[in-house]
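J.: Here it is, the structure in full.
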Amino acid sequence: MAAIQRIKGFADLFAPDSDAFSFMEGVGREVFAAYGYTELRTPIMEHTELFSRGIGTETDVVQKEMYTFPDRKGRSLTLRPEATAGVMRAYIEAARHSQEQVSKFFTYGPMFRYERPQKGRMRQFHQINCECIGASEPLADAEVILMLMRFLTGIGLTGLSLELNSLGCRECRPVYNKALIEYLTALDPEKLCEDCRRRLTANPLRVLDCKVPGCKEMTKDAPVIAEYNCPACQEHFLVVLRILQEAELPHVLNPRLVRGLDYYTRTTFEVVSSTIGAQASVAGGGRYDGLVAQLGGPDLPGVGFACGMERLSLMLGERALPGLDFYLAVLDESALESAMNIAQELRVQGKRGEVSFSARSLKSQMRQASRLKAKYCLLLGGDELAAGTVTVKDMENGSQTTVKREALAESL
RNA sequence: GCGGACGUAGCUCAGUUGGCAGAGCACCUGGUUGUGGCCCAGGGGGUCGGGAGUUCAAGACUCCUCGUUCGCCCCA
C-alpha cells in the first residue's frame, strides 16, 4: 500500500518544534491580557464574500490565493486567508459594540493561502492576531504597537526593525492617489511593469511597493503620502510617533510601506527581521477605520496586527526536549504490572517519567533511560518486588540507594 | 504564476567513463546471569521519490511526473 503524503505547503509539527508554538502562545496570552485583551476563537471557514468584501477584490490574496470551494449545497466557502475579517464578522454578529465602547481581542490559529511554499511561507500558516475595535484615538494605535513589540521582546527576539507609515483616511487618500496617478502618467506609464499598470487604476498605492527596477525608478521621486495627509491624519500620526518616542521604542518611517490588504487607513506598521531570508516581514498591521462598516456593521474604527508564527519560530532557534524525572526499568516479567502502578503514583505526584512495557535486558533499559535524559533510573526486579522497595540510581553520578515504595516520590 | 538547485537506509550524505547499493550517525543484540554514557563484535533495515524511454546492462543518460528547497512574486 502506498503511503499517503501530507498536502503540499502543510506541515506536521513534532516536538520540540511544536513547543515553540505553545511557548509563543503562552507569552502572548500573558502579554495581551496585560493590555486588556481577551481570546476570541473564530471558525477557520467563512463565506467567501466576507473576504472579498473585507480584504478587497483587487488584492492578490483574494484574486489568486484563496482556498475556495463550494459546499454540498453549492455555497461558496473559503478557508480564512487572514484573521481580521472573521474577527470583525464575529464582533458584528454578536453586536459587541452595544456591550462595550472598545473591544480588544486576540486570536491564534491557522490561515490558508495557496502560494508557492518557501522558507517562512506555508500554505497553512499560523498567525497571532490582535484587534482593538471602537477606538479612533491615536493612543489606541500606539498601544497596539507597544503591545506587539512587548510581545516580540517577551519571546526573546531582538534586532527587529519597526517600520511605520500613514496611509491617510477616506478624505485625503483619494487626493494622494490622484497626485500619484498624475505624476506617474505624466512620466510614462508604459515604463511600469504589467502589474503596476493595472494597479495604477485599481490600487495606485501598491505601485510604491513594487520591486521591479523600472517601477522603483519611476517612483523614486514620486509624491510622498505624508505630505498629502489631511491635518487630522497628520496630527493623528504625530501623536502615535510621539508616544513611541517617549517609550523609547526605536522605529523608522517608511513612506513606501503599503499593506497588501485594502482595508488599512492611517497608521500602518510592519516588523522586519534581517535574519530569516526573503520572507522577512514577521508582523504587520495598522488601522482599518472603514472595515467594520464595509462588512455591514456600525461605522466603527479599529486597529490591530497579525504576526506570523512560523517566521517568529525561525528566529527562536533550536529547542531541546526536556528530560525526565525518572525512568522505571523492569527486570522481571512478574514485576511489569506493579511497575505500571508505581509509575502511576509518581506521575500523580507530579513526576515526569517513563516505565518500561517489557522486561528487556537491563542494559537496553538503562540505555533508554540515558537517551531520555532521565535524572533517575528506577529498578524494579524480583528482589525489590518481594521487599516492597525500588532501587534508585542517580544517572549523573551513578550512586544507588534502595528506597521503600511509599517514600519513592520524595527521593526523586 | 515564474526561475534555479536537490530527491540513494530513520538522519546526514558518498556512489568514478553506465557494470554486485555503500559510509558515518541512529536503532537492535551480545561482550557484562541485575547496571547507561566510552570501547569492541555482530545484526536488522533500500520499490535508489514515481512512471516511461535509451541500453546486453540505468542510482547514474533522456523525457514526463510528484515532492523538497532557495529566490521572484505576494504576504505575516
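Residue numbering restarts at 1 for every chain of the C-alpha cells, chains are lettered A, B, ... in their displayed order, and ligands are numbered from 1 as they appear.
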Need to verify the contact set: Leu408 of chain A, 9 Å, only C-alpha atoms (C1' of nucleotides), exclusion of same-chain residues closer than 2 positions in sequence. Can you return it as a ChimeraX atom specification?
T.: /A:342,346,389-390,392,403-406,410-412
J.: Counting only C-alpha atoms (C1' of nucleotides), collect the residues of chain A whose closest atom lies at most 7 Å from chain B, and write them out as JSON, numbers by chain.
T.: {"A": [60, 127, 281, 282, 283, 284, 306, 307, 308, 362, 363, 366, 367, 370]}
J.: Store the residues picked out above in a file with C-alpha atoms, as a PDB file, in the first residue's frame.
T.:
```pdb
ATOM      1  CA  ASP A  60      -3.580  39.203  -4.716  1.00  0.00           C
ATOM      2  CA  GLN A 127      -0.860  33.815  12.992  1.00  0.00           C
ATOM      3  CA  SER A 281       8.221  40.506   7.475  1.00  0.00           C
ATOM      4  CA  VAL A 282       7.258  38.896  10.784  1.00  0.00           C
ATOM      5  CA  ALA A 283       4.374  41.088  11.811  1.00  0.00           C
ATOM      6  CA  GLY A 284       2.260  43.748  10.249  1.00  0.00           C
ATOM      7  CA  ALA A 306      -1.020  39.950  12.686  1.00  0.00           C
ATOM      8  CA  CYS A 307       2.139  38.078  13.498  1.00  0.00           C
ATOM      9  CA  GLY A 308       3.468  35.118  11.534  1.00  0.00           C
ATOM     10  CA  LEU A 362      18.766  -4.099  31.875  1.00  0.00           C
ATOM     11  CA  LYS A 363      21.457  -2.826  29.575  1.00  0.00           C
ATOM     12  CA  MET A 366      19.497   1.778  31.074  1.00  0.00           C
ATOM     13  CA  ARG A 367      20.435   2.944  27.622  1.00  0.00           C
ATOM     14  CA  SER A 370      20.134   7.675  29.350  1.00  0.00           C
TER      15      SER A 370
END
```
J.: Please run DSSP on the backbone and report, as an MDAnalysis selection string, all residues within segment 164-326 of chain A that come out as strand (DSSP E).
T.: chainID A and resid 164:166 252:253 265:273 281:287 302:308 324:326
J.: Include N, CA and C atoms and write out the residues we just selected as an mmCIF file, in the first residue's frame.
T.:
```cif
data_model
loop_
_atom_site.group_PDB
_atom_site.id
_atom_site.type_symbol
_atom_site.label_atom_id
_atom_site.label_comp_id
_atom_site.auth_asym_id
_atom_site.auth_seq_id
_atom_site.Cartn_x
_atom_site.Cartn_y
_atom_site.Cartn_z
ATOM 1 N N LEU A 164 7.110 52.315 10.020
ATOM 2 C CA LEU A 164 5.802 52.954 10.162
ATOM 3 C C LEU A 164 5.499 53.836 8.963
ATOM 4 N N ASN A 165 4.206 53.971 8.706
ATOM 5 C CA ASN A 165 3.771 54.906 7.679
ATOM 6 C C ASN A 165 2.334 55.301 7.991
ATOM 7 N N SER A 166 1.872 56.353 7.364
ATOM 8 C CA SER A 166 0.466 56.717 7.497
ATOM 9 C C SER A 166 -0.140 56.798 6.110
ATOM 10 N N VAL A 252 11.472 53.323 12.352
ATOM 11 C CA VAL A 252 11.848 54.125 11.190
ATOM 12 C C VAL A 252 10.606 54.411 10.359
ATOM 13 N N LEU A 253 10.578 55.595 9.760
ATOM 14 C CA LEU A 253 9.465 55.934 8.884
ATOM 15 C C LEU A 253 9.773 55.399 7.494
ATOM 16 N N THR A 265 -6.088 52.073 6.838
ATOM 17 C CA THR A 265 -6.128 53.537 6.760
ATOM 18 C C THR A 265 -5.139 54.074 7.795
ATOM 19 N N ARG A 266 -4.764 55.302 7.640
ATOM 20 C CA ARG A 266 -3.891 55.974 8.602
ATOM 21 C C ARG A 266 -2.660 55.135 8.975
ATOM 22 N N THR A 267 -2.462 54.901 10.263
ATOM 23 C CA THR A 267 -1.239 54.247 10.713
ATOM 24 C C THR A 267 -1.103 52.823 10.161
ATOM 25 N N THR A 268 0.032 52.540 9.540
ATOM 26 C CA THR A 268 0.345 51.155 9.204
ATOM 27 C C THR A 268 1.755 50.888 9.687
ATOM 28 N N PHE A 269 2.019 49.630 10.002
ATOM 29 C CA PHE A 269 3.356 49.299 10.501
ATOM 30 C C PHE A 269 3.717 47.868 10.145
ATOM 31 N N GLU A 270 4.991 47.609 10.210
ATOM 32 C CA GLU A 270 5.486 46.298 9.859
ATOM 33 C C GLU A 270 6.744 46.047 10.681
ATOM 34 N N VAL A 271 6.937 44.811 11.112
ATOM 35 C CA VAL A 271 8.155 44.464 11.829
ATOM 36 C C VAL A 271 8.947 43.520 10.950
ATOM 37 N N VAL A 272 10.195 43.888 10.709
ATOM 38 C CA VAL A 272 11.015 43.175 9.744
ATOM 39 C C VAL A 272 12.243 42.577 10.421
ATOM 40 N N SER A 273 12.585 41.357 10.014
ATOM 41 C CA SER A 273 13.796 40.708 10.511
ATOM 42 C C SER A 273 14.809 40.638 9.379
ATOM 43 N N SER A 281 9.204 39.802 6.677
ATOM 44 C CA SER A 281 8.221 40.506 7.475
ATOM 45 C C SER A 281 7.595 39.552 8.484
ATOM 46 N N VAL A 282 7.764 39.830 9.782
ATOM 47 C CA VAL A 282 7.258 38.896 10.784
ATOM 48 C C VAL A 282 5.934 39.329 11.393
ATOM 49 N N ALA A 283 5.644 40.613 11.279
ATOM 50 C CA ALA A 283 4.374 41.088 11.811
ATOM 51 C C ALA A 283 3.986 42.336 11.049
ATOM 52 N N GLY A 284 2.700 42.556 10.943
ATOM 53 C CA GLY A 284 2.260 43.748 10.249
ATOM 54 C C GLY A 284 0.867 44.111 10.692
ATOM 55 N N GLY A 285 0.547 45.370 10.557
ATOM 56 C CA GLY A 285 -0.799 45.752 10.961
ATOM 57 C C GLY A 285 -1.040 47.214 10.709
ATOM 58 N N GLY A 286 -2.101 47.696 11.307
ATOM 59 C CA GLY A 286 -2.430 49.092 11.132
ATOM 60 C C GLY A 286 -3.884 49.352 11.465
ATOM 61 N N ARG A 287 -4.299 50.543 11.104
ATOM 62 C CA ARG A 287 -5.659 50.985 11.392
ATOM 63 C C ARG A 287 -6.565 50.646 10.230
ATOM 64 N N GLY A 302 -10.989 50.739 13.939
ATOM 65 C CA GLY A 302 -10.273 49.598 14.516
ATOM 66 C C GLY A 302 -8.807 49.684 14.185
ATOM 67 N N VAL A 303 -8.015 48.984 14.987
ATOM 68 C CA VAL A 303 -6.579 48.921 14.718
ATOM 69 C C VAL A 303 -6.085 47.585 15.261
ATOM 70 N N GLY A 304 -5.117 46.985 14.554
ATOM 71 C CA GLY A 304 -4.662 45.671 15.002
ATOM 72 C C GLY A 304 -3.445 45.217 14.233
ATOM 73 N N PHE A 305 -3.020 43.990 14.547
ATOM 74 C CA PHE A 305 -1.868 43.446 13.836
ATOM 75 C C PHE A 305 -1.969 41.937 13.716
ATOM 76 N N ALA A 306 -1.167 41.392 12.829
ATOM 77 C CA ALA A 306 -1.020 39.950 12.686
ATOM 78 C C ALA A 306 0.462 39.629 12.709
ATOM 79 N N CYS A 307 0.766 38.483 13.289
ATOM 80 C CA CYS A 307 2.139 38.078 13.498
ATOM 81 C C CYS A 307 2.303 36.676 12.938
ATOM 82 N N GLY A 308 3.291 36.448 12.113
ATOM 83 C CA GLY A 308 3.468 35.118 11.534
ATOM 84 C C GLY A 308 4.275 34.200 12.429
ATOM 85 N N LEU A 324 13.505 13.693 31.683
ATOM 86 C CA LEU A 324 12.505 13.089 32.553
ATOM 87 C C LEU A 324 13.005 13.085 33.991
ATOM 88 N N ASP A 325 12.052 12.995 34.946
ATOM 89 C CA ASP A 325 12.453 12.831 36.346
ATOM 90 C C ASP A 325 12.915 11.399 36.593
ATOM 91 N N PHE A 326 12.236 10.458 35.963
ATOM 92 C CA PHE A 326 12.627 9.060 36.205
ATOM 93 C C PHE A 326 12.374 8.185 34.981
#
```
J.: Which neighbours of segment 90-93 of chain A fall inside 9 Å, counting only C-alpha atoms (C1' of nucleotides), when residues of the same chain fewer than 2 positions from it are skipped, and could you give them as a PDB file with N, CA and C atoms, in the first residue's frame?
T.:
```
ATOM      1  N   LEU A  40     -10.439  35.331  21.423  1.00  0.00           N
ATOM      2  CA  LEU A  40     -11.600  35.048  20.580  1.00  0.00           C
ATOM      3  C   LEU A  40     -11.199  33.963  19.598  1.00  0.00           C
ATOM      4  N   THR A  42     -12.475  32.058  16.271  1.00  0.00           N
ATOM      5  CA  THR A  42     -13.495  32.082  15.219  1.00  0.00           C
ATOM      6  C   THR A  42     -13.246  30.885  14.297  1.00  0.00           C
ATOM      7  N   ALA A  85     -10.892  39.714   9.140  1.00  0.00           N
ATOM      8  CA  ALA A  85     -12.261  39.727   8.615  1.00  0.00           C
ATOM      9  C   ALA A  85     -13.180  38.862   9.469  1.00  0.00           C
ATOM     10  N   GLY A  86     -12.704  37.682   9.862  1.00  0.00           N
ATOM     11  CA  GLY A  86     -13.514  36.790  10.676  1.00  0.00           C
ATOM     12  C   GLY A  86     -13.805  37.378  12.050  1.00  0.00           C
ATOM     13  N   VAL A  87     -12.801  38.023  12.624  1.00  0.00           N
ATOM     14  CA  VAL A  87     -12.986  38.650  13.942  1.00  0.00           C
ATOM     15  C   VAL A  87     -14.046  39.749  13.840  1.00  0.00           C
ATOM     16  N   MET A  88     -13.968  40.541  12.774  1.00  0.00           N
ATOM     17  CA  MET A  88     -14.954  41.612  12.597  1.00  0.00           C
ATOM     18  C   MET A  88     -16.356  41.043  12.407  1.00  0.00           C
ATOM     19  N   ALA A  95     -22.940  41.729  18.112  1.00  0.00           N
ATOM     20  CA  ALA A  95     -23.281  43.096  18.498  1.00  0.00           C
ATOM     21  C   ALA A  95     -22.490  43.561  19.708  1.00  0.00           C
ATOM     22  N   ARG A  96     -21.205  43.304  19.682  1.00  0.00           N
ATOM     23  CA  ARG A  96     -20.368  43.656  20.827  1.00  0.00           C
ATOM     24  C   ARG A  96     -20.314  45.165  21.068  1.00  0.00           C
ATOM     25  N   HIS A  97     -20.547  45.938  20.009  1.00  0.00           N
ATOM     26  CA  HIS A  97     -20.466  47.394  20.164  1.00  0.00           C
ATOM     27  C   HIS A  97     -21.518  47.907  21.126  1.00  0.00           C
ATOM     28  N   SER A 103     -13.572  47.151  22.185  1.00  0.00           N
ATOM     29  CA  SER A 103     -13.385  45.705  22.334  1.00  0.00           C
ATOM     30  C   SER A 103     -11.969  45.349  21.913  1.00  0.00           C
ATOM     31  N   ILE A 133     -11.118  47.289  18.602  1.00  0.00           N
ATOM     32  CA  ILE A 133     -12.219  47.852  17.827  1.00  0.00           C
ATOM     33  C   ILE A 133     -12.962  48.904  18.651  1.00  0.00           C
ATOM     34  N   VAL A 292     -15.309  47.759   9.557  1.00  0.00           N
ATOM     35  CA  VAL A 292     -16.498  47.236  10.233  1.00  0.00           C
ATOM     36  C   VAL A 292     -17.754  47.609   9.445  1.00  0.00           C
ATOM     37  N   LEU A 295     -18.244  45.681   6.284  1.00  0.00           N
ATOM     38  CA  LEU A 295     -18.740  44.322   6.477  1.00  0.00           C
ATOM     39  C   LEU A 295     -20.172  44.321   7.017  1.00  0.00           C
ATOM     40  N   GLY A 296     -20.812  45.484   6.971  1.00  0.00           N
ATOM     41  CA  GLY A 296     -22.220  45.535   7.330  1.00  0.00           C
ATOM     42  C   GLY A 296     -22.479  45.845   8.791  1.00  0.00           C
ATOM     43  N   GLY A 297     -21.449  46.268   9.524  1.00  0.00           N
ATOM     44  CA  GLY A 297     -21.631  46.620  10.928  1.00  0.00           C
ATOM     45  C   GLY A 297     -21.720  48.123  11.087  1.00  0.00           C
ATOM     46  N   PRO A 298     -21.733  48.587  12.327  1.00  0.00           N
ATOM     47  CA  PRO A 298     -21.734  50.024  12.579  1.00  0.00           C
ATOM     48  C   PRO A 298     -20.418  50.641  12.107  1.00  0.00           C
TER      49      PRO A 298
END
```
J.: So how far away is atom CA of Tyr263 of chain A from atom CA of Tyr288 of chain A, in Å?
T.: 5.4 Å
J.: Do you know which residues are at most 8 Å from segment 113-125 of chain A counting only C-alpha atoms (C1' of nucleotides), after dropping those on the same chain fewer than 2 positions away, and could you put them as a PyMOL selection string?
T.: (chain A and resi 8-11+61+64-67+81+110-111+127+276-279+308-311+314) or (chain B and resi 69-70)
J.: Could you pull out the alpha helix (DSSP H) residues of segment 203-390 of chain A, going by DSSP on the backbone, and write them as a count of residues only?
T.: 64
J.: I'd like the contact shell of A9 of chain B - 12 Å cut-off, only C-alpha atoms (C1' of nucleotides), skipping same-chain residues fewer than 4 positions apart - returned as a list in words.
T.: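 The neighbour list is C13, A21, G22, A23, G24, C25, A26, C27, G44, G45, G46 and C48 of chain B.
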